[in-house]
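First comes the structure, then the notes that go with it.
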There are 4 protein chains.
Amino acid sequence: MLSAFTEPTCGGDSGFMPLGHTCHVLVRIGCRFEYEVAESAPSLWQVRPRPDGSHRMLTERWEPPAPARVYLDAYGNLCDRLVLPSGTSTLRYDGTVEVPPTFDEADKGAAQEPIQHLPDEAFVYLLPSRFCWPDVLHDQAWNLFESSEPGWARVQAVSDWVHDHITYVIGASTPLTTAFDVWESRTGVCRDLTQLMVTLCRALNVPARYVAGYLPDIAVTPPDLPMDFCSWVEVWLEGRWWTFDPRNNEPRIGRVVIARGRDALDAAMVTTWGAANLKAMAVWADEIRDGA
Amino acid sequence: MLSAFTEPTCGGDSGFMPLGHTCHVLVRIGCRFEYEVAESAPSLWQVRPRPDGSHRMLTERWEPPAPARVYLDAYGNLCDRLVLPSGTSTLRYDGTVEVPPTFDEADKGAAQEPIQHLPDEAFVYLLPSRFCWPDVLHDQAWNLFESSEPGWARVQAVSDWVHDHITYVIGASTPLTTAFDVWESRTGVCRDLTQLMVTLCRALNVPARYVAGYLPDIAVTPPDLPMDFCSWVEVWLEGRWWTFDPRNNEPRIGRVVIARGRDALDAAMVTTWGAANLKAMAVWADEIRDGA
Amino acid sequence: MLSAFTEPTCGGDSGFMPLGHTCHVLVRIGCRFEYEVAESAPSLWQVRPRPDGSHRMLTERWEPPAPARVYLDAYGNLCDRLVLPSGTSTLRYDGTVEVPPTFDEADKGAAQEPIQHLPDEAFVYLLPSRFCWPDVLHDQAWNLFESSEPGWARVQAVSDWVHDHITYVIGASTPLTTAFDVWESRTGVCRDLTQLMVTLCRALNVPARYVAGYLPDIAVTPPDLPMDFCSWVEVWLEGRWWTFDPRNNEPRIGRVVIARGRDALDAAMVTTWGAANLKAMAVWADEIRDGA
Amino acid sequence: MLSAFTEPTCGGDSGFMPLGHTCHVLVRIGCRFEYEVAESAPSLWQVRPRPDGSHRMLTERWEPPAPARVYLDAYGNLCDRLVLPSGTSTLRYDGTVEVPPTFDEADKGAAQEPIQHLPDEAFVYLLPSRFCWPDVLHDQAWNLFESSEPGWARVQAVSDWVHDHITYVIGASTPLTTAFDVWESRTGVCRDLTQLMVTLCRALNVPARYVAGYLPDIAVTPPDLPMDFCSWVEVWLEGRWWTFDPRNNEPRIGRVVIARGRDALDAAMVTTWGAANLKAMAVWADEIRDGA
């Protein structure tokens, strides 16, 4: 299948490549949550892909456990709101998407944009947020990365540093763990590595946002872990957003963006009010080899 | 089933009424289009419900004939864009929604809002648009309705007049037919009655918008016609939008809004570029009696 | 002054070029309206520049004749709403802006974008609107311009044709005149030439929008007419919007955008409800030679 | 002047009360900043009133120290971006507004809205943010306020508690001080009292947002302090936002909203990048007694 990636006329970010084109990658994405609540509990869900991702939808099935209403939040994320009924209930989302058959784009010469040239919408991604404190880690960031070349090289240096210095330890963090805590403890999970990279980039005046999504294991050796939601970083360099992934620290194929925000809080898969017991969860993001 | 409607504690416009509540109406909605095109043709679709309708989603299945991308237009309508591949292709949407078990709300005392008190977003619905020319039908509107009481009574008078004076004739209009043409010919289909009522209301300084949606035959005798998409009017009176339906001219249960706009153009189910041959279409909006 | 335009390091579209830079063009813009109304009349105003124009603001003074509230409409235009009090009243807006010292940008090789590659927000500018009927003028547009090269050359051909074939006749049109009327009569004012070009471009599948603004007479011989608001066209070619101006049909310096929309209706300077008598109006857009 | 407030037909929140009405309050608002920077420094400013405040604009003068561009951020705040040139520069904003002649509205019976009934846009104001940590102060909030009646009474109890228990100490806090720090130290300035009240309300499931604005000393004894920007709280109860002000803890007349957000970070008057030395600042918000 990898041979497809060498086809030069293939891909592009358009939403309109006609079907029948020989060059495409199909991915089945989705998730299943089983919750148990004693009393009915309001909840917010972000598990469906963002409208403006690079994927295109082929089929989609959405089965909330109770009547749901959808809205777009201020970041453009699809948020489904519903009340978990008392007892056990199951939410399921299942989709087939077509993704570009190409690795994360890279331009090693991409320059850092001076603040005065940033687009309006990038400013919020320079500011501190609940879990990302560039105001606190400012000096540390400059001490570590001042000597690197501004632009792509510096951002890659941040990704390398986070990848190399933060030990991936399941259970290392709680919902209250900030990127500053991760800086201190040097341990964390995917969310924590992402938030630390976001923080350091902002301290260096590079707009950075937190992204949550589905990430299939295409052209890589699958890790020895159950599939889960993933998070990564988007930074603004020379006129556009670019993907970096301090957890994996290598280009990937087939990211399907669910949510973007200032940190993990804005991009949470599930937010519930009241006691809610997660009994089971499954996530899938699998290439369909002889697809469609 | 109608007994459900008498439950006093039932309903409300919240997205969050817990499942298990004994009082609800479930409706299966959806559509199926079969197109044949010689050359691949870009297309826009508005067949999925608007996020902000009064329905809540229970299950949803979306099967475009080619990879699709969704966006929200300036009216808040969900627009799916895709390229119809050459040959025959089928698009299908199927959903189960819960709707309030109540008839269109009415308040016969609702006053007309002075223009200076309208919300900002209502102004665009006072202006002329491609098919609705209150600037041309201004005098006619005032001649007919000046003697009516401003507010609900006047709007109801417009609905009555359109219902009574425009003969429903299938094939009476083309895609270029304006509300002024309908005024002259006194014939039209659902779209035409809706657009004429929109036009007359705007001429009378009542903000009015065109709505397209699914309309199940609940608590009415089904018409002797195949189910189709429906259109109706929303007008602004005394602080909120109200539904009027000059085609049926009676309150209904279970409207599921797909799209809103200045006229039928903004709320078109399908827009294609290039020759596209519609081979077959089916629309459904059926109450599920022993549902979920 | 023109020598400034040859400075190579000058300009850029940033909002942030530091003051003190020797290379800039300052323009004083503004307008004054005097209205007389018998009874107080609600009104909407679009006379202040759009936030996202290429100008930058140096000083600004806003003096409505009655307390005003501002909102952004769905096109991003600044709309001021106020009630004209009975009697005579004067509205005044006066600003000093810095504009890029460069002529309208041009790229004669810019290609037409296939519909499937257009950005979402361009679609509305392909559709018909109140005064622009590409659905009616479709065949005429293709007859005239089919032989031209798609892209910049075709759009320029449309601008040339409108400029050459529509006679500028003050008083030729009314507020109800459509671009189709102008096609038939071959006469019109600025608004009419603009709307006809918009219509023909849309018929040719080129997204086109109506723009109203201030246009100083920089590097041109001032016409022998009092200064007025101007209108021009923006079309989407190869990934961005470009300015065309069928009235003047030559590149200009210093356009300050007030409003954009589907046609003149969306970009009206003033909309009033009730009888309102315009007693006097002045518009200014003058370069400040030894400015600031 | 206070007699005006007893006029029963006076006021309303419309933007359109005709001039000439005998009942109105005029306020002159504005500010002046003098900055000195060694190297030119990008900056963001929020000193102009939000478009959607309850004020109406009568005259307005805006004089940034360098060409500025404006945009609306995701909260709807007017943000002006400009580069402070090296050396000393002065920014000035001056406006005359009409405000409702009435005290902050209150409804002591307003109920707390169940989370499932909140409007979509309220959810973000339940979440933690950089300086407001309801996730950390959750138990403390419930310990203090669980016994109060949910709704208006509970929110008033929070305002009373913050007003009574946090000592206003100029210089008590730094730009990094969180509401949790204020909880611990029991000291702070206006920003800190506001953020602590926001935090406690969110912990109690009441959506709360941070507001910055101009606040004239109308019908109160002016404090013995130079006029400054003010901050206060808006909470969502029973279908709308209500103003609370833990600093003053009494209803006021004439608030002019500049910015709203999750905390002081989103509503900062000035944000600069690079060393910038504030040399002088003045703020005014004064009733005009025999005004306009």
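Naming scheme: A, B, ... for chains in displayed order of the structure tokens; residues 1 onward per chain; ligands 1 onward as shown.
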
Post-fit chain D coords, all in-order Cα pairs vs chain A, as a compact mmCIF listing (two decimals) with C-alpha atoms, in the first residue's frame:
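The file below, out10.txt, is the result:
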# COMPACT_ATOMS: atom_id res chain seq x y z
CA MET D 1 -0.11 -0.04 0.17
CA LEU D 2 2.80 2.30 0.68
CA SER D 3 3.36 2.40 -3.05
CA ALA D 4 0.36 4.62 -3.24
CA PHE D 5 2.29 7.31 -1.42
CA THR D 6 4.72 7.64 -4.23
CA GLU D 7 2.10 8.58 -6.78
CA PRO D 8 2.99 12.17 -7.54
CA THR D 9 -0.38 13.46 -8.71
CA CYS D 10 -2.14 12.12 -5.71
CA GLY D 11 -3.63 13.99 -2.79
CA GLY D 12 -4.03 17.67 -2.21
CA ASP D 13 -6.15 19.08 0.56
CA SER D 14 -9.33 19.59 -1.46
CA GLY D 15 -12.59 18.18 -0.28
CA PHE D 16 -13.49 17.21 -3.77
CA MET D 17 -11.16 14.60 -5.24
CA PRO D 18 -13.55 12.48 -7.29
CA LEU D 19 -14.24 8.94 -6.20
CA GLY D 20 -12.72 6.30 -8.37
CA HIS D 21 -9.33 7.88 -8.02
CA THR D 22 -6.96 4.99 -7.45
CA CYS D 23 -5.04 6.78 -4.75
CA HIS D 24 -6.65 7.12 -1.37
CA VAL D 25 -6.49 5.84 2.16
CA LEU D 26 -9.64 4.82 3.95
CA VAL D 27 -9.76 4.74 7.71
CA ARG D 28 -12.44 3.46 10.00
CA ILE D 29 -12.64 5.61 13.09
CA GLY D 30 -14.87 5.54 16.09
CA CYS D 31 -15.33 4.95 19.75
CA ARG D 32 -17.59 3.33 22.28
CA PHE D 33 -18.14 4.48 25.84
CA GLU D 34 -20.07 2.70 28.54
CA TYR D 35 -21.05 4.81 31.52
CA GLU D 36 -22.88 4.05 34.70
CA VAL D 37 -24.46 6.85 36.65
CA ALA D 38 -26.61 6.76 39.76
CA GLU D 39 -28.46 9.95 38.89
CA SER D 40 -28.91 11.33 35.41
CA ALA D 41 -25.89 13.47 34.57
CA PRO D 42 -25.46 16.27 32.01
CA SER D 43 -22.52 15.65 29.71
CA LEU D 44 -20.61 17.18 26.79
CA TRP D 45 -18.93 15.04 24.15
CA GLN D 46 -16.27 15.76 21.56
CA VAL D 47 -15.72 12.49 19.73
CA ARG D 48 -16.86 13.33 16.21
CA PRO D 49 -14.33 14.79 13.76
CA ARG D 50 -14.17 18.55 13.28
CA PRO D 51 -15.82 19.73 10.08
CA ASP D 52 -12.63 21.38 8.86
CA GLY D 53 -10.20 18.51 9.18
CA SER D 54 -8.32 17.20 6.16
CA HIS D 55 -10.40 14.03 6.10
CA ARG D 56 -13.52 13.57 3.97
CA MET D 57 -16.44 11.58 5.26
CA LEU D 58 -17.64 8.46 3.49
CA THR D 59 -20.14 7.04 5.96
CA GLU D 60 -20.92 7.99 9.49
CA ARG D 61 -23.07 6.54 12.22
CA TRP D 62 -23.80 8.38 15.45
CA GLU D 63 -25.55 6.65 18.34
CA PRO D 64 -25.67 8.65 21.55
CA PRO D 65 -27.25 6.95 24.57
CA ALA D 66 -29.92 9.64 24.85
CA PRO D 67 -31.27 12.34 22.56
CA ALA D 68 -28.43 14.70 21.87
CA ARG D 69 -28.00 18.22 20.59
CA VAL D 70 -24.95 19.43 18.77
CA TYR D 71 -23.33 22.85 18.67
CA LEU D 72 -20.08 24.36 17.51
CA ASP D 73 -18.01 25.92 20.27
CA ALA D 74 -15.89 29.05 19.87
CA TYR D 75 -12.97 26.97 18.55
CA GLY D 76 -15.13 25.33 15.88
CA ASN D 77 -15.33 21.96 17.65
CA LEU D 78 -18.47 19.83 17.36
CA CYS D 79 -19.89 19.44 20.87
CA ASP D 80 -22.72 17.02 21.58
CA ARG D 81 -24.71 17.64 24.74
CA LEU D 82 -26.90 15.04 26.33
CA VAL D 83 -28.01 13.77 29.73
CA LEU D 84 -26.68 10.37 30.71
CA PRO D 85 -29.73 8.58 32.07
CA SER D 86 -29.44 6.82 35.41
CA GLY D 87 -28.17 3.28 35.02
CA THR D 88 -25.82 2.06 32.34
CA SER D 89 -25.67 3.59 28.92
CA THR D 90 -23.55 3.28 25.83
CA LEU D 91 -22.44 5.92 23.33
CA ARG D 92 -21.09 4.83 19.98
CA TYR D 93 -19.65 6.69 17.02
CA ASP D 94 -18.46 4.96 13.89
CA GLY D 95 -17.26 6.50 10.66
CA THR D 96 -15.35 5.78 7.50
CA VAL D 97 -13.18 8.60 6.25
CA GLU D 98 -10.82 9.17 3.41
CA VAL D 99 -7.54 10.80 4.39
CA PRO D 100 -4.69 12.19 2.32
CA PRO D 101 -2.20 9.37 1.61
CA THR D 102 0.64 11.56 2.74
CA PHE D 103 2.71 12.07 5.86
CA ASP D 104 2.39 15.19 8.03
CA GLU D 105 3.66 18.02 5.92
CA ALA D 106 6.99 19.55 6.83
CA ASP D 107 9.05 22.50 5.66
CA LYS D 108 12.33 22.65 7.49
CA GLY D 109 12.86 26.17 6.25
CA ALA D 110 9.61 27.54 7.65
CA ALA D 111 10.37 30.76 9.48
CA GLN D 112 8.93 31.99 12.75
CA GLU D 113 6.33 34.66 12.07
CA PRO D 114 6.98 37.97 13.83
CA ILE D 115 4.14 38.67 16.26
CA GLN D 116 3.09 41.73 14.29
CA HIS D 117 2.43 39.56 11.24
CA LEU D 118 0.35 36.85 12.92
CA PRO D 119 -3.25 36.45 11.87
CA ASP D 120 -5.77 37.71 14.41
CA GLU D 121 -6.94 34.24 15.35
CA ALA D 122 -3.44 33.13 16.35
CA PHE D 123 -3.10 35.50 19.30
CA VAL D 124 -5.19 33.41 21.67
CA TYR D 125 -2.69 30.60 21.13
CA LEU D 126 0.14 32.73 22.48
CA LEU D 127 -1.63 33.31 25.80
CA PRO D 128 -1.46 31.16 28.93
CA SER D 129 -4.35 28.82 29.71
CA ARG D 130 -5.47 26.56 32.55
CA PHE D 131 -2.81 23.91 32.05
CA CYS D 132 -0.25 25.72 29.88
CA TRP D 133 1.70 28.48 31.64
CA PRO D 134 4.18 30.11 29.30
CA ASP D 135 4.18 33.02 31.75
CA VAL D 136 5.75 30.74 34.36
CA LEU D 137 8.04 28.71 32.09
CA HIS D 138 9.23 31.70 30.06
CA ASP D 139 12.83 31.77 31.27
CA GLN D 140 13.22 28.01 31.18
CA ALA D 141 12.05 27.93 27.58
CA TRP D 142 14.50 30.60 26.50
CA ASN D 143 17.38 29.02 28.40
CA LEU D 144 16.81 25.75 26.59
CA PHE D 145 16.04 26.95 23.10
CA GLU D 146 17.54 30.40 22.64
CA SER D 147 20.51 28.99 20.80
CA SER D 148 18.37 27.14 18.25
CA GLU D 149 17.49 28.72 14.95
CA PRO D 150 14.04 30.42 15.17
CA GLY D 151 11.38 28.75 13.03
CA TRP D 152 11.05 25.09 12.17
CA ALA D 153 14.36 24.10 13.75
CA ARG D 154 13.45 25.63 17.09
CA VAL D 155 10.02 24.02 17.16
CA GLN D 156 11.55 20.67 16.23
CA ALA D 157 14.06 21.15 19.01
CA VAL D 158 11.18 21.62 21.46
CA SER D 159 9.49 18.48 20.18
CA ASP D 160 12.73 16.52 20.44
CA TRP D 161 13.39 17.79 23.93
CA VAL D 162 9.91 16.92 25.20
CA HIS D 163 10.06 13.53 23.50
CA ASP D 164 13.47 12.79 25.01
CA HIS D 165 13.10 14.27 28.49
CA ILE D 166 9.56 13.46 29.54
CA THR D 167 9.13 9.80 30.40
CA TYR D 168 5.86 8.33 29.26
CA VAL D 169 4.36 6.88 32.44
CA ILE D 170 0.76 5.74 32.45
CA GLY D 171 -0.93 7.14 35.50
CA ALA D 172 1.71 9.82 35.96
CA SER D 173 -0.80 12.61 35.86
CA THR D 174 -4.24 13.58 37.15
CA PRO D 175 -6.88 15.83 35.58
CA LEU D 176 -5.29 18.74 37.48
CA THR D 177 -1.75 18.20 36.25
CA THR D 178 -0.39 21.26 34.47
CA ALA D 179 2.44 21.47 32.00
CA PHE D 180 4.45 23.07 34.76
CA ASP D 181 3.95 19.95 36.90
CA VAL D 182 5.16 17.88 33.97
CA TRP D 183 8.18 20.12 33.59
CA GLU D 184 9.00 19.44 37.24
CA SER D 185 8.24 15.71 37.34
CA ARG D 186 9.56 14.89 33.86
CA THR D 187 6.82 12.26 33.50
CA GLY D 188 3.43 12.22 31.84
CA VAL D 189 1.09 10.75 29.30
CA CYS D 190 0.27 11.92 25.78
CA ARG D 191 -1.81 14.88 27.04
CA ASP D 192 1.07 16.02 29.21
CA LEU D 193 3.73 15.88 26.54
CA THR D 194 1.43 17.80 24.25
CA GLN D 195 0.69 20.47 26.84
CA LEU D 196 4.34 20.93 27.72
CA MET D 197 5.27 21.41 24.09
CA VAL D 198 2.39 23.88 23.68
CA THR D 199 3.63 25.80 26.73
CA LEU D 200 7.25 26.00 25.62
CA CYS D 201 6.30 27.13 22.11
CA ARG D 202 4.08 29.91 23.46
CA ALA D 203 6.88 31.06 25.74
CA LEU D 204 9.02 31.32 22.60
CA ASN D 205 6.34 33.43 20.87
CA VAL D 206 5.24 30.62 18.58
CA PRO D 207 1.42 30.23 18.56
CA ALA D 208 0.64 26.65 19.59
CA ARG D 209 -2.62 24.81 20.05
CA TYR D 210 -3.66 21.52 21.57
CA VAL D 211 -5.26 19.02 19.18
CA ALA D 212 -7.14 15.82 20.00
CA GLY D 213 -7.96 13.24 17.37
CA TYR D 214 -7.89 9.76 15.93
CA LEU D 215 -4.50 8.50 14.78
CA PRO D 216 -4.30 5.22 12.85
CA ASP D 217 -1.13 3.15 12.88
CA ILE D 218 -0.34 3.47 9.19
CA ALA D 219 3.18 2.75 8.01
CA VAL D 220 4.37 2.34 11.58
CA THR D 221 4.73 -0.56 13.96
CA PRO D 222 1.64 -0.49 16.16
CA PRO D 223 2.47 0.11 19.80
CA ASP D 224 1.79 -2.58 22.32
CA LEU D 225 -1.07 -0.64 23.86
CA PRO D 226 -4.80 -0.54 23.24
CA MET D 227 -5.83 2.18 20.78
CA ASP D 228 -6.79 5.43 22.49
CA PHE D 229 -7.57 9.00 21.50
CA CYS D 230 -4.39 10.89 20.72
CA SER D 231 -3.23 14.44 21.12
CA TRP D 232 -0.68 16.49 19.27
CA VAL D 233 0.39 20.07 18.66
CA GLU D 234 -0.23 22.55 15.88
CA VAL D 235 2.10 25.53 15.64
CA TRP D 236 1.98 28.59 13.42
CA LEU D 237 5.06 29.12 11.27
CA GLU D 238 5.42 31.17 8.11
CA GLY D 239 1.79 31.61 7.28
CA ARG D 240 0.14 28.34 8.31
CA TRP D 241 -0.38 25.72 11.00
CA TRP D 242 1.92 22.70 11.10
CA THR D 243 1.55 19.44 13.00
CA PHE D 244 4.10 18.32 15.57
CA ASP D 245 3.71 15.26 17.76
CA PRO D 246 6.09 15.14 20.72
CA ARG D 247 4.78 11.73 21.78
CA ASN D 248 5.67 9.94 18.56
CA ASN D 249 8.04 12.59 17.22
CA GLU D 250 7.80 11.36 13.66
CA PRO D 251 5.55 12.20 10.70
CA ARG D 252 2.37 10.18 10.46
CA ILE D 253 -0.42 9.46 7.99
CA GLY D 254 -4.10 9.83 8.60
CA ARG D 255 -4.63 12.13 11.57
CA VAL D 256 -8.34 12.88 11.97
CA VAL D 257 -8.82 16.01 14.05
CA ILE D 258 -11.61 15.94 16.63
CA ALA D 259 -10.99 19.10 18.60
CA ARG D 260 -8.62 22.03 18.92
CA GLY D 261 -8.18 24.42 21.83
CA ARG D 262 -5.91 26.21 24.24
CA ASP D 263 -5.24 23.02 26.16
CA ALA D 264 -6.68 19.59 27.04
CA LEU D 265 -9.58 21.23 28.82
CA ASP D 266 -11.01 22.70 25.63
CA ALA D 267 -10.51 19.45 23.74
CA ALA D 268 -11.79 16.99 26.34
CA MET D 269 -13.55 13.96 24.84
CA VAL D 270 -16.12 13.85 27.65
CA THR D 271 -17.09 16.29 30.36
CA THR D 272 -19.72 15.20 32.86
CA TRP D 273 -21.38 16.94 35.78
CA GLY D 274 -22.21 14.74 38.72
CA ALA D 275 -20.76 11.33 39.55
CA ALA D 276 -20.32 9.25 36.40
CA ASN D 277 -18.56 5.92 36.33
CA LEU D 278 -16.77 5.00 33.10
CA LYS D 279 -17.18 1.23 32.81
CA ALA D 280 -15.60 0.60 29.44
CA MET D 281 -14.15 2.49 26.52
CA ALA D 282 -12.89 1.47 23.10
CA VAL D 283 -11.36 3.62 20.38
CA TRP D 284 -10.61 2.57 16.85
CA ALA D 285 -8.71 4.13 13.97
CA ASP D 286 -7.86 1.42 11.48
CA GLU D 287 -6.87 1.53 7.88
CA ILE D 288 -9.31 -0.28 5.58
CA ARG D 289 -7.04 -2.09 3.19
CA ASP D 290 -9.43 -3.17 0.44
CA GLY D 291 -11.87 -0.60 1.53
CA ALA D 292 -15.28 0.90 0.76

message = Residues of region 16-252 of chain A classed as alpha helix (DSSP H) by DSSP on the backbone are to be reported as an MDAnalysis selection string.
response = chainID A and resid 138:145 152:165 179:185 190:203

Would you output that residue set with C-alpha atoms, as a short mmCIF file (atom, residue, chain, number, x, y, z; two decimals), in the first residue's frame?
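What landed in result35.cif:
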data_model
loop_
_atom_site.label_atom_id
_atom_site.label_comp_id
_atom_site.auth_asym_id
_atom_site.auth_seq_id
_atom_site.Cartn_x
_atom_site.Cartn_y
_atom_site.Cartn_z
CA HIS A 138 9.22 31.69 30.08
CA ASP A 139 12.83 31.76 31.30
CA GLN A 140 13.21 28.00 31.22
CA ALA A 141 12.05 27.93 27.61
CA TRP A 142 14.50 30.60 26.54
CA ASN A 143 17.36 29.01 28.46
CA LEU A 144 16.81 25.74 26.66
CA PHE A 145 16.05 26.94 23.15
CA TRP A 152 11.07 25.08 12.19
CA ALA A 153 14.39 24.10 13.77
CA ARG A 154 13.48 25.62 17.12
CA VAL A 155 10.04 24.01 17.17
CA GLN A 156 11.56 20.66 16.24
CA ALA A 157 14.08 21.15 19.04
CA VAL A 158 11.21 21.62 21.47
CA SER A 159 9.50 18.47 20.19
CA ASP A 160 12.74 16.51 20.46
CA TRP A 161 13.40 17.79 23.95
CA VAL A 162 9.91 16.91 25.21
CA HIS A 163 10.06 13.52 23.53
CA ASP A 164 13.46 12.78 25.04
CA HIS A 165 13.09 14.26 28.51
CA ALA A 179 2.42 21.45 32.00
CA PHE A 180 4.44 23.07 34.77
CA ASP A 181 3.93 19.95 36.90
CA VAL A 182 5.15 17.87 33.97
CA TRP A 183 8.15 20.12 33.61
CA GLU A 184 8.97 19.44 37.24
CA SER A 185 8.21 15.72 37.35
CA CYS A 190 0.25 11.92 25.78
CA ARG A 191 -1.83 14.88 27.03
CA ASP A 192 1.04 16.01 29.21
CA LEU A 193 3.74 15.88 26.54
CA THR A 194 1.43 17.80 24.24
CA GLN A 195 0.68 20.46 26.82
CA LEU A 196 4.33 20.92 27.72
CA MET A 197 5.28 21.41 24.09
CA VAL A 198 2.41 23.88 23.68
CA THR A 199 3.63 25.80 26.72
CA LEU A 200 7.25 26.01 25.62
CA CYS A 201 6.31 27.13 22.12
CA ARG A 202 4.07 29.91 23.45
CA ALA A 203 6.88 31.06 25.75
#

ask   = Among region 121-192 of chain D, which residues carry a DSSP assignment of strand (DSSP E or B), reported as a list in words?
value = Thr167, Tyr168, Thr187 and Gly188 of chain D
